[in-house]
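Heads up, protein-v7.txt below (compact mmCIF, C-alpha atoms):
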```txt
# COMPACT_ATOMS: atom_id res chain seq x y z
CA MET A 1 171.37 -55.51 -47.00
CA ALA A 2 172.77 -54.20 -50.25
CA ASN A 3 170.34 -52.77 -52.79
CA GLU A 4 171.34 -55.31 -55.40
CA GLU A 5 170.09 -58.06 -53.09
CA LEU A 6 166.82 -56.37 -52.24
CA HIS A 7 165.29 -56.87 -55.67
CA GLU A 8 165.71 -60.64 -55.27
CA MET A 9 163.48 -60.57 -52.20
CA ILE A 10 159.76 -61.24 -52.53
CA VAL A 11 157.40 -60.32 -49.71
CA ALA A 12 153.86 -61.66 -49.29
CA LEU A 13 151.33 -60.00 -47.00
CA ASP A 14 148.30 -62.16 -46.23
CA ILE A 15 145.79 -59.85 -44.52
CA GLY A 16 143.20 -62.31 -43.24
CA THR A 17 140.17 -62.04 -41.00
CA SER A 18 141.84 -63.89 -38.11
CA LYS A 19 145.55 -63.19 -38.70
CA VAL A 20 148.02 -61.10 -40.69
CA VAL A 21 151.04 -63.00 -41.99
CA ALA A 22 154.09 -61.50 -43.66
CA LEU A 23 156.42 -63.90 -45.50
CA VAL A 24 159.82 -63.01 -46.94
CA GLY A 25 161.14 -65.24 -49.72
CA GLU A 26 164.16 -65.25 -51.98
CA ILE A 27 165.01 -67.15 -55.16
CA ASP A 28 168.20 -69.21 -54.96
CA GLU A 29 170.58 -70.08 -57.81
CA ASN A 30 168.44 -73.13 -58.66
CA ASN A 31 165.34 -70.91 -59.08
CA LYS A 32 163.78 -72.39 -55.94
CA LEU A 33 161.80 -70.21 -53.57
CA ASN A 34 163.18 -70.17 -50.03
CA VAL A 35 161.21 -68.64 -47.16
CA VAL A 36 163.68 -66.69 -45.01
CA GLY A 37 161.36 -64.70 -42.74
CA ILE A 38 157.89 -64.96 -41.26
CA GLY A 39 155.84 -62.63 -39.07
CA LYS A 40 152.36 -63.21 -37.62
CA HIS A 41 149.94 -61.06 -35.67
CA PRO A 42 146.23 -61.43 -34.85
CA SER A 43 144.07 -59.48 -37.27
CA ARG A 44 141.96 -56.90 -35.44
CA GLY A 45 140.48 -54.75 -38.20
CA MET A 46 139.07 -57.24 -40.73
CA LYS A 47 135.65 -58.84 -41.00
CA LYS A 48 134.69 -61.41 -43.63
CA GLY A 49 137.73 -60.50 -45.72
CA VAL A 50 137.24 -56.71 -45.85
CA VAL A 51 138.69 -53.85 -43.82
CA VAL A 52 136.31 -52.55 -41.14
CA ASN A 53 138.86 -50.69 -38.99
CA ILE A 54 141.74 -48.93 -40.76
CA ASP A 55 143.85 -48.18 -37.66
CA ALA A 56 143.56 -51.69 -36.21
CA THR A 57 144.46 -53.24 -39.57
CA ILE A 58 147.49 -50.95 -39.94
CA GLU A 59 148.73 -51.93 -36.48
CA SER A 60 148.36 -55.66 -37.27
CA ILE A 61 150.23 -55.24 -40.56
CA GLN A 62 153.04 -53.28 -38.88
CA ARG A 63 153.54 -55.92 -36.18
CA ALA A 64 153.65 -58.78 -38.68
CA VAL A 65 156.01 -56.93 -41.04
CA GLU A 66 158.38 -55.93 -38.22
CA GLU A 67 158.61 -59.54 -37.04
CA ALA A 68 159.32 -60.76 -40.59
CA GLU A 69 161.98 -58.06 -41.07
CA LEU A 70 163.77 -59.08 -37.88
CA MET A 71 163.79 -62.76 -38.81
CA ALA A 72 164.93 -62.18 -42.41
CA GLY A 73 167.30 -59.31 -41.61
CA VAL A 74 165.94 -57.11 -44.39
CA ASN A 75 164.08 -53.83 -44.75
CA ILE A 76 160.73 -54.57 -46.41
CA GLN A 77 159.61 -51.97 -48.95
CA THR A 78 157.15 -53.66 -51.32
CA VAL A 79 154.65 -56.49 -50.88
CA TYR A 80 152.24 -58.71 -52.77
CA THR A 81 148.91 -58.83 -50.97
CA GLY A 82 145.64 -60.68 -51.38
CA ILE A 83 141.99 -59.69 -51.56
CA ALA A 84 138.84 -61.62 -50.62
CA GLY A 85 135.31 -60.94 -49.44
CA SER A 86 131.73 -61.44 -50.59
CA HIS A 87 132.08 -58.41 -52.90
CA ILE A 88 134.13 -60.56 -55.34
CA ARG A 89 132.34 -61.40 -58.60
CA SER A 90 133.48 -63.46 -61.57
CA MET A 91 132.42 -64.23 -65.11
CA ASN A 92 133.75 -65.80 -68.29
CA SER A 93 134.16 -63.60 -71.35
CA HIS A 94 135.22 -63.80 -75.00
CA GLY A 95 137.18 -61.49 -77.29
CA VAL A 96 137.94 -61.51 -81.04
CA VAL A 97 140.48 -59.48 -83.06
CA ALA A 98 142.14 -59.62 -86.47
CA ILE A 99 145.84 -60.53 -86.43
CA LYS A 100 147.63 -57.54 -87.90
CA ASP A 101 150.67 -59.04 -89.66
CA LYS A 102 149.45 -62.63 -90.03
CA GLU A 103 151.67 -63.59 -87.09
CA VAL A 104 150.61 -63.16 -83.46
CA THR A 105 152.58 -60.57 -81.51
CA GLU A 106 152.34 -59.37 -77.92
CA ALA A 107 150.35 -56.39 -79.19
CA ASP A 108 147.77 -58.75 -80.70
CA VAL A 109 147.47 -60.58 -77.37
CA ASP A 110 146.97 -57.27 -75.58
CA ARG A 111 144.25 -56.28 -78.05
CA VAL A 112 142.32 -59.54 -77.76
CA MET A 113 142.52 -59.38 -73.96
CA ASP A 114 141.19 -55.82 -74.08
CA ALA A 115 138.37 -56.99 -76.34
CA ALA A 116 137.48 -59.76 -73.88
CA ARG A 117 137.32 -57.34 -70.96
CA ALA A 118 135.05 -54.88 -72.79
CA ILE A 119 131.84 -55.89 -71.02
CA ALA A 120 129.51 -54.00 -68.68
CA ILE A 121 130.16 -54.36 -64.97
CA PRO A 122 128.42 -52.66 -62.01
CA ALA A 123 129.55 -49.11 -61.25
CA ASP A 124 130.97 -50.02 -57.83
CA GLN A 125 132.99 -52.95 -59.21
CA ARG A 126 136.38 -52.81 -60.88
CA ILE A 127 138.33 -55.48 -62.74
CA LEU A 128 140.94 -57.30 -60.62
CA HIS A 129 142.09 -60.04 -62.98
CA VAL A 130 141.64 -61.06 -66.60
CA LEU A 131 142.88 -64.66 -66.62
CA PRO A 132 143.19 -66.42 -70.00
CA GLN A 133 141.67 -69.87 -70.42
CA GLU A 134 142.59 -70.50 -74.07
CA PHE A 135 143.33 -68.75 -77.34
CA ILE A 136 141.76 -69.73 -80.66
CA ILE A 137 143.49 -68.94 -83.96
CA ASP A 138 141.50 -69.54 -87.15
CA ASP A 139 139.26 -72.10 -85.36
CA GLN A 140 142.23 -73.95 -83.85
CA ASP A 141 141.44 -74.02 -80.15
CA GLY A 142 143.28 -75.05 -77.00
CA ILE A 143 146.24 -72.72 -77.60
CA ARG A 144 148.04 -71.59 -74.44
CA GLU A 145 150.92 -69.56 -75.94
CA PRO A 146 149.73 -67.82 -79.13
CA ILE A 147 152.73 -65.50 -79.73
CA GLY A 148 154.54 -66.41 -82.95
CA MET A 149 151.70 -68.48 -84.42
CA SER A 150 150.34 -67.66 -87.87
CA GLY A 151 146.74 -66.79 -88.64
CA VAL A 152 144.30 -64.03 -89.53
CA ARG A 153 141.80 -64.15 -86.67
CA MET A 154 142.40 -64.68 -82.95
CA GLU A 155 139.90 -65.27 -80.17
CA ALA A 156 140.44 -65.45 -76.41
CA ASN A 157 138.32 -67.09 -73.73
CA VAL A 158 139.07 -65.48 -70.37
CA HIS A 159 137.93 -65.56 -66.76
CA MET A 160 137.31 -62.09 -65.34
CA VAL A 161 137.34 -61.31 -61.62
CA THR A 162 135.92 -58.05 -60.31
CA GLY A 163 135.90 -56.61 -56.81
CA SER A 164 134.66 -53.62 -54.87
CA GLN A 165 136.65 -50.48 -55.64
CA SER A 166 136.43 -49.30 -52.02
CA ALA A 167 137.48 -52.70 -50.58
CA ALA A 168 140.59 -52.79 -52.77
CA HIS A 169 141.36 -49.15 -52.04
CA ASN A 170 141.15 -49.74 -48.27
CA ILE A 171 143.60 -52.66 -48.43
CA VAL A 172 146.09 -50.60 -50.45
CA LYS A 173 145.61 -47.63 -48.10
CA CYS A 174 146.40 -49.76 -45.03
CA VAL A 175 149.58 -51.13 -46.63
CA GLU A 176 150.75 -47.70 -47.82
CA ARG A 177 150.18 -46.14 -44.38
CA CYS A 178 152.66 -48.70 -43.06
CA GLY A 179 155.28 -47.16 -45.37
CA LEU A 180 155.07 -49.99 -47.91
CA GLU A 181 154.24 -50.17 -51.60
CA VAL A 182 151.92 -52.78 -53.13
CA ASP A 183 153.55 -54.69 -56.00
CA ASP A 184 150.26 -56.36 -56.91
CA ILE A 185 146.93 -57.32 -55.36
CA ILE A 186 145.79 -60.88 -56.04
CA LEU A 187 142.57 -62.78 -55.43
CA GLU A 188 143.31 -65.05 -52.48
CA GLN A 189 142.08 -68.33 -53.96
CA VAL A 190 144.13 -67.64 -57.10
CA ALA A 191 147.17 -67.20 -54.85
CA SER A 192 146.39 -70.35 -52.85
CA SER A 193 146.08 -72.38 -56.05
CA HIS A 194 149.71 -71.53 -56.88
CA SER A 195 150.93 -73.20 -53.69
CA VAL A 196 148.70 -76.26 -53.21
CA LEU A 197 147.44 -77.46 -56.62
CA GLN A 198 149.36 -79.75 -58.95
CA GLY A 199 149.39 -79.45 -62.73
CA ASP A 200 147.60 -82.74 -63.37
CA GLU A 201 144.79 -81.71 -61.00
CA LYS A 202 144.27 -78.47 -62.91
CA GLU A 203 144.17 -80.40 -66.20
CA LEU A 204 141.72 -83.03 -64.99
CA GLY A 205 139.47 -80.57 -63.17
CA VAL A 206 139.67 -79.57 -59.51
CA CYS A 207 137.92 -77.29 -57.04
CA ILE A 208 140.07 -75.58 -54.43
CA VAL A 209 138.32 -74.29 -51.30
CA ASP A 210 140.34 -71.98 -49.03
CA ILE A 211 138.51 -72.00 -45.67
CA GLY A 212 139.82 -69.07 -43.66
CA GLY A 213 138.51 -67.22 -40.65
CA GLY A 214 135.90 -65.01 -42.31
CA THR A 215 135.34 -66.40 -45.82
CA SER A 216 135.61 -69.60 -47.82
CA ASP A 217 137.12 -68.88 -51.23
CA ILE A 218 136.41 -71.18 -54.17
CA ALA A 219 138.18 -71.61 -57.51
CA VAL A 220 137.49 -74.23 -60.20
CA PHE A 221 140.20 -75.25 -62.68
CA LEU A 222 139.60 -77.19 -65.92
CA GLU A 223 142.11 -78.07 -68.63
CA GLY A 224 144.82 -76.14 -66.82
CA ALA A 225 142.91 -72.84 -66.58
CA ILE A 226 140.64 -71.17 -64.05
CA HIS A 227 136.95 -71.22 -65.01
CA HIS A 228 135.01 -70.17 -61.91
CA THR A 229 135.62 -68.27 -58.68
CA ALA A 230 133.30 -67.48 -55.78
CA VAL A 231 133.39 -66.39 -52.15
CA ILE A 232 131.12 -67.77 -49.42
CA PRO A 233 130.89 -65.61 -46.27
CA VAL A 234 130.92 -68.63 -43.92
CA ALA A 235 134.14 -69.98 -42.41
CA GLY A 236 136.00 -70.68 -39.16
CA ASP A 237 134.75 -67.64 -37.24
CA GLN A 238 131.15 -68.83 -37.62
CA VAL A 239 132.13 -72.18 -36.09
CA THR A 240 133.74 -70.35 -33.15
CA ASN A 241 130.64 -68.19 -32.67
CA ASP A 242 128.39 -71.26 -32.68
CA ILE A 243 130.55 -72.87 -29.99
CA ALA A 244 130.57 -69.71 -27.87
CA ILE A 245 126.77 -69.44 -27.99
CA ALA A 246 126.03 -73.15 -27.57
CA ILE A 247 128.32 -73.77 -24.59
CA ARG A 248 128.05 -70.21 -23.18
CA THR A 249 131.70 -69.25 -23.03
CA PRO A 250 133.66 -66.16 -24.22
CA THR A 251 134.65 -66.18 -27.90
CA SER A 252 138.38 -66.31 -27.15
CA ASN A 253 137.86 -69.42 -25.03
CA ALA A 254 135.61 -70.95 -27.71
CA GLU A 255 138.41 -70.51 -30.28
CA THR A 256 140.93 -72.23 -27.98
CA ILE A 257 138.51 -75.10 -27.28
CA LYS A 258 137.81 -75.48 -31.01
CA LEU A 259 141.50 -75.70 -31.88
CA LYS A 260 142.44 -78.08 -29.05
CA HIS A 261 139.43 -80.38 -28.83
CA GLY A 262 137.25 -79.80 -31.91
CA THR A 263 136.28 -82.53 -34.39
CA ALA A 264 134.18 -81.94 -37.50
CA LEU A 265 132.63 -85.42 -37.53
CA ARG A 266 130.97 -86.53 -34.31
CA GLN A 267 131.57 -90.25 -34.89
CA MET A 268 135.34 -89.56 -34.97
CA ALA A 269 135.41 -87.58 -31.72
CA GLU A 270 137.01 -89.17 -28.68
CA ASP A 271 134.71 -89.09 -25.68
CA TYR A 272 136.29 -87.22 -22.77
CA GLN A 273 135.44 -84.26 -20.56
CA ILE A 274 136.90 -80.76 -20.95
CA GLU A 275 136.61 -77.70 -18.73
CA VAL A 276 134.66 -74.77 -20.19
CA PRO A 277 135.29 -71.30 -18.70
CA GLY A 278 132.11 -69.45 -17.78
CA VAL A 279 131.02 -65.99 -18.95
CA GLY A 280 131.71 -63.17 -16.51
CA GLU A 281 132.28 -64.57 -13.01
CA ARG A 282 130.34 -67.78 -13.55
CA GLU A 283 131.99 -71.03 -12.53
CA PRO A 284 133.62 -73.22 -15.20
CA ARG A 285 131.84 -76.46 -16.00
CA ALA A 286 132.53 -79.80 -17.67
CA LEU A 287 131.62 -80.57 -21.30
CA SER A 288 131.84 -83.73 -23.35
CA THR A 289 133.88 -83.59 -26.57
CA GLN A 290 131.02 -85.51 -28.20
CA THR A 291 128.73 -82.58 -27.35
CA LEU A 292 131.32 -80.15 -28.75
CA ALA A 293 131.49 -82.13 -32.01
CA SER A 294 127.68 -82.06 -32.28
CA VAL A 295 127.93 -78.25 -32.36
CA ILE A 296 130.78 -78.13 -34.89
CA GLU A 297 129.57 -80.77 -37.37
CA PRO A 298 126.34 -79.00 -38.52
CA ARG A 299 128.22 -75.76 -39.31
CA TYR A 300 130.84 -77.53 -41.43
CA GLU A 301 128.12 -79.58 -43.13
CA GLU A 302 126.22 -76.37 -43.90
CA LEU A 303 129.38 -74.82 -45.37
CA PHE A 304 130.06 -77.84 -47.58
CA LEU A 305 126.45 -77.87 -48.79
CA MET A 306 126.78 -74.18 -49.72
CA ILE A 307 129.97 -74.99 -51.65
CA LEU A 308 128.20 -77.87 -53.40
CA ASP A 309 125.30 -75.56 -54.33
CA GLU A 310 127.79 -73.05 -55.76
CA LEU A 311 129.45 -75.81 -57.81
CA ARG A 312 126.08 -76.95 -59.17
CA ARG A 313 125.09 -73.36 -59.97
CA SER A 314 128.34 -72.90 -61.89
CA GLY A 315 127.73 -76.07 -63.91
CA TYR A 316 131.12 -77.58 -63.06
CA ASP A 317 130.03 -80.05 -60.37
CA ASN A 318 130.39 -83.04 -62.73
CA ARG A 319 133.65 -81.86 -64.30
CA VAL A 320 136.03 -81.78 -61.32
CA GLY A 321 137.57 -85.20 -61.86
CA ALA A 322 140.37 -84.60 -59.36
CA GLY A 323 137.84 -83.75 -56.66
CA ILE A 324 138.08 -81.13 -53.93
CA VAL A 325 141.21 -79.65 -52.35
CA LEU A 326 140.60 -78.02 -48.97
CA THR A 327 143.12 -75.55 -47.60
CA GLY A 328 143.23 -72.60 -45.19
CA GLY A 329 143.49 -72.65 -41.41
CA SER A 330 139.95 -73.94 -40.82
CA SER A 331 140.52 -77.01 -43.00
CA THR A 332 142.93 -78.60 -40.51
CA MET A 333 140.34 -79.78 -37.99
CA PRO A 334 140.13 -83.58 -37.59
CA GLY A 335 137.20 -85.09 -39.46
CA VAL A 336 136.94 -82.32 -42.07
CA VAL A 337 138.05 -84.53 -44.99
CA GLU A 338 135.76 -87.40 -43.98
CA LEU A 339 132.74 -85.10 -43.60
CA ALA A 340 133.51 -83.36 -46.91
CA GLU A 341 133.67 -86.70 -48.75
CA GLU A 342 130.25 -87.60 -47.32
CA VAL A 343 128.78 -84.34 -48.64
CA PHE A 344 130.56 -84.04 -52.02
CA HIS A 345 130.72 -87.77 -52.92
CA MET A 346 134.10 -87.21 -54.55
CA PRO A 347 137.78 -87.38 -53.49
CA VAL A 348 138.86 -84.74 -50.97
CA ARG A 349 142.38 -83.91 -49.76
CA ILE A 350 144.00 -81.22 -47.62
CA GLY A 351 146.27 -78.90 -49.63
CA THR A 352 149.54 -77.79 -48.05
CA PRO A 353 152.11 -75.44 -49.63
CA ARG A 354 154.74 -77.16 -51.77
CA ASP A 355 157.79 -76.32 -53.91
CA ILE A 356 159.39 -74.21 -51.19
CA GLY A 357 162.58 -74.31 -49.15
CA GLY A 358 164.10 -72.38 -46.28
CA LEU A 359 161.72 -72.19 -43.31
CA LYS A 360 159.70 -75.01 -44.79
CA GLY A 361 158.60 -76.40 -41.45
CA GLU A 362 157.21 -73.03 -40.39
CA VAL A 363 154.96 -72.51 -43.41
CA GLU A 364 154.14 -76.06 -44.51
CA SER A 365 150.59 -75.78 -43.24
CA PRO A 366 147.25 -75.11 -44.96
CA MET A 367 146.94 -71.85 -43.00
CA HIS A 368 149.88 -70.46 -45.02
CA ALA A 369 148.56 -71.52 -48.44
CA THR A 370 147.65 -67.94 -49.44
CA GLY A 371 150.91 -66.42 -48.16
CA VAL A 372 153.12 -68.95 -49.92
CA GLY A 373 150.96 -68.62 -53.04
CA LEU A 374 151.55 -64.86 -53.05
CA LEU A 375 155.30 -65.52 -52.86
CA LEU A 376 155.11 -67.98 -55.78
CA PHE A 377 153.03 -65.49 -57.76
CA GLY A 378 155.68 -62.84 -57.14
CA ALA A 379 158.44 -65.26 -58.12
CA GLU A 380 156.68 -65.94 -61.43
CA GLN A 381 156.42 -62.23 -62.11
CA GLN A 382 160.13 -61.82 -61.47
CA ALA A 383 160.92 -64.79 -63.71
CA TYR A 384 158.88 -63.40 -66.61
CA GLY A 385 159.85 -59.79 -65.99
CA MET A 386 157.79 -57.38 -63.93
CA ARG A 387 154.87 -55.92 -65.89
CA GLU A 388 155.92 -57.78 -69.03
CA LYS A 389 154.64 -61.08 -70.33
CA TYR A 390 152.95 -62.49 -67.22
CA THR A 391 151.24 -59.34 -66.02
CA LYS A 392 150.07 -58.43 -69.50
CA VAL A 393 148.54 -61.82 -70.17
CA THR A 394 147.17 -62.88 -66.78
CA SER A 395 146.40 -59.66 -64.96
CA ASP A 396 147.05 -55.97 -65.26
CA SER A 397 149.83 -54.54 -63.14
CA LEU A 398 148.60 -52.86 -59.99
CA TRP A 399 149.49 -49.29 -60.86
CA VAL A 400 147.53 -49.55 -64.12
CA ARG A 401 144.51 -51.04 -62.34
CA MET A 402 144.56 -48.49 -59.54
CA LYS A 403 144.76 -45.68 -62.11
CA ARG A 404 141.72 -47.13 -63.84
CA TRP A 405 139.84 -47.64 -60.58
CA PHE A 406 140.18 -44.06 -59.46
CA SER A 407 139.80 -42.44 -62.86
CA GLY A 408 136.87 -44.65 -63.82
CA ASN A 409 138.37 -45.19 -67.29
CA LEU A 410 137.84 -48.86 -67.92
```
Structure encoded using structure tokens:
Amino acid sequence: MANEELHEMIVALDIGTSKVVALVGEIDENNKLNVVGIGKHPSRGMKKGVVVNIDATIESIQRAVEEAELMAGVNIQTVYTGIAGSHIRSMNSHGVVAIKDKEVTEADVDRVMDAARAIAIPADQRILHVLPQEFIIDDQDGIREPIGMSGVRMEANVHMVTGSQSAAHNIVKCVERCGLEVDDIILEQVASSHSVLQGDEKELGVCIVDIGGGTSDIAVFLEGAIHHTAVIPVAGDQVTNDIAIAIRTPTSNAETIKLKHGTALRQMAEDYQIEVPGVGEREPRALSTQTLASVIEPRYEELFLMILDELRRSGYDNRVGAGIVLTGGSSTMPGVVELAEEVFHMPVRIGTPRDIGGLKGEVESPMHATGVGLLLFGAEQQAYGMREKYTKVTSDSLWVRMKRWFSGNL
């Protein structure tokens, strides 16, 4: 492919606990994102969202990227990738500056964002995102785009996300050892929100929960801006482990049984017998799907109660008028929505990626919410200009952040 076409390509690399997915997208003449390549490979070196085996992770990334390259017919050089894990922390902050020339410029926005991020964080944590909620100019609040407005004093309310320096470094190291460069590293639930949430939901108040293999990632949006993020280290792998222990079968078989016959709400499970392979050389035996559902339901109920506790702790449990949006591969099990509505007592829906073309049928599934969100994030950066307006206002560009991480100059 010619070099002039390469810059129009956007590549997302979703390095999950259960799978690695590489997606190749391009922007057409109507500014619509089309997915033109996809590669998947089981993830062998990740646990609960963090790298635990560098070599195994590199191999999984290489396999997924090679498959995506073959399908798209391109040579992948740079990627947008996500980050998750229980090391993620978040907080809301506030900054105030004087407007230099009585009219807000980009430099003023940069200064007020720097003022908002000037707070103490633990030594092992580094800032991943500084996401603006609103700007206030001379006591006029609710401003989204302050540049060009007149005033003498500007304030910014922001949501800050921090993560482990070593966890981020290990992700970047794995990608770079595959011969790729990282365009940016994005919190996974922030990426997922780009692909599954609608504007009116963000305005009214919504909680997105991305239930993956190793972690469940939470983000709360109010009045169009993100106000809270959290990570719960319980997800689909814990359900699989419970099944393996309860019915005494190898983990790989438990995963297959979960996907084929699992139901999250026992009263919705059809009652029929399935064959369960034994451990070692033991004989297979029969199991009722009702019994299987009685193993699965308590784990999902526990997860939803943990999410509800996190919402209550954040203080936003009564402000999410649009309810809960579940996404991620572990949200697709039958009965999940019904069980979630029983626990949360609010509307619940499954979020699938939208606003995409091309290989739509291949990626129009909750399990690709993060990958498609990374593509949409990259498309926005291209639309606004790389490392210009969007990266300055919503998050630092990766090379700046990495320089800060490793120099310690925050």
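Remark: for A:Val158, the closest of the candidate residues A:Leu197, A:Asp124, A:Arg89, A:His228 is A:His228 (distances computed over all atoms listed in the file).
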Check: With all atoms listed in the file as the basis for distance, which of A:Glu134, A:Val97, A:Arg126, A:Ser192 is at the shortest distance from A:Gly151?
Finding: A:Val97
Margin query: I want to know what sits within 6 Å of A:Thr352, based on all atoms listed in the file, with residues of the same chain fewer than 4 positions away left out; could you give that as number ranges by chain?
Written below: A: 196, 365-366
Next item on the list: Could you give me, as a PyMOL selection string, the residues within 8 Å of A:Leu265, counting only C-alpha atoms and dropping anything in the same chain fewer than 2 positions from it?
Entry: chain A and resi 263+267-269+293-294+296-297+334-336+338-339
Next item on the list: Give the answer as one residue: which of A:Thr17, A:Gln290, A:Ser252, A:Gln382 has the shortest atom-to-atom distance to A:Ala84, using all atoms listed in the file?
Entry: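 Of A:Thr17, A:Gln290, A:Ser252, A:Gln382, the one nearest A:Ala84 is A:Thr17, counting all atoms listed in the file.
With atom CA of A:Asp309 on one side and atom CA of A:Ile83 on the other, the separation reads 23.2 Å.
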Which centre and which edge lengths, in Å to one decimal, describe the axis-aligned box that holds all listed atoms of stretch 98-108 of chain A after 6 Å is added on each side, as JSON?
```
{"center_x": 147.4, "center_y": -60.0, "center_z": -84.0, "size_x": 22.4, "size_y": 19.2, "size_z": 24.1}
```
Next item on the list: For atom CA of A:Ser150 and atom CA of A:Met113, determine how far apart the two atoms are, in Å to one decimal place.
Entry: 18.0 Å
Next item on the list: Kindly indicate which residue among A:Thr105, A:Asn157, A:Thr78, A:Thr251 lies nearest to A:Val130, using only C-alpha atoms for the distances.
Entry: A:Asn157
Next item on the list: Considering all atoms listed in the file, state which residue in the set A:Gly148, A:Gly315, A:Gly82, A:Gly323 is at the smallest distance from A:Asp200.
Entry: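 So, comparing all the options, the nearest one is A:Gly323.
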Next item on the list: Provide the atom CA of A:Val276 to atom CA of A:Thr249 distance in Å, to one decimal place.
Entry: 6.9 Å
Next item on the list: Please identify all polymer residues within 12 Å of stretch 71-75 of chain A, counting all atoms listed in the file, omitting same-chain residues fewer than 4 positions from it, and present them as a ChimeraX atom specification.
Entry: /A:1-3,5-11,22-26,34-40,64-67,79,179-180,358-359
Note to self: What's around A:Ile127 at 8 Å? Count only C-alpha atoms, leave out sequence neighbours fewer than 5 positions away in its own chain, and write the answer as an MDAnalysis selection string.
What the structure shows: chainID A and resid 160:163 401
Notebook entry, point to check: Restricting the calculation to all atoms listed in the file, which member of A:His87, A:Lys360, A:Glu342, A:Glu145 is positioned closest to A:Pro122?
Noted result: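 Checking each of A:His87, A:Lys360, A:Glu342, A:Glu145 against A:Pro122, counting all atoms listed in the file, the winner is A:His87.
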Next item on the list: Excluding A:Ala118 and any residue of its chain fewer than 2 positions from it, enumerate the residues within 9 Å of it, using all atoms listed in the file, and give them as a PyMOL selection string.
Entry: chain A and resi 93+95+113-116+120+410
Would you mind completing stretch 8-20 of chain A to N, CA and C atoms and writing the output as a compact mmCIF listing (two decimals), keeping the file's coordinate frame?
```txt
# COMPACT_ATOMS: atom_id res chain seq x y z
N GLU A 8 165.92 -59.21 -55.21
CA GLU A 8 165.71 -60.64 -55.27
C GLU A 8 164.72 -61.11 -54.20
N MET A 9 164.41 -60.23 -53.26
CA MET A 9 163.48 -60.57 -52.20
C MET A 9 162.04 -60.40 -52.68
N ILE A 10 161.18 -61.31 -52.25
CA ILE A 10 159.76 -61.24 -52.53
C ILE A 10 159.05 -61.27 -51.18
N VAL A 11 158.10 -60.37 -50.98
CA VAL A 11 157.40 -60.32 -49.71
C VAL A 11 155.90 -60.48 -49.95
N ALA A 12 155.30 -61.42 -49.22
CA ALA A 12 153.86 -61.66 -49.29
C ALA A 12 153.21 -61.16 -48.02
N LEU A 13 152.07 -60.49 -48.15
CA LEU A 13 151.33 -60.00 -47.00
C LEU A 13 149.91 -60.55 -47.09
N ASP A 14 149.62 -61.53 -46.26
CA ASP A 14 148.30 -62.16 -46.23
C ASP A 14 147.49 -61.51 -45.11
N ILE A 15 146.59 -60.59 -45.49
CA ILE A 15 145.79 -59.85 -44.52
C ILE A 15 144.46 -60.59 -44.38
N GLY A 16 144.39 -61.49 -43.41
CA GLY A 16 143.20 -62.31 -43.24
C GLY A 16 142.27 -61.77 -42.17
N THR A 17 141.14 -62.44 -42.01
CA THR A 17 140.17 -62.04 -41.00
C THR A 17 140.65 -62.37 -39.59
N SER A 18 141.38 -63.48 -39.45
CA SER A 18 141.84 -63.89 -38.11
C SER A 18 143.30 -63.57 -37.85
N LYS A 19 144.13 -63.45 -38.90
CA LYS A 19 145.55 -63.19 -38.70
C LYS A 19 146.13 -62.43 -39.89
N VAL A 20 147.22 -61.72 -39.63
CA VAL A 20 148.02 -61.10 -40.69
C VAL A 20 149.37 -61.81 -40.69
```
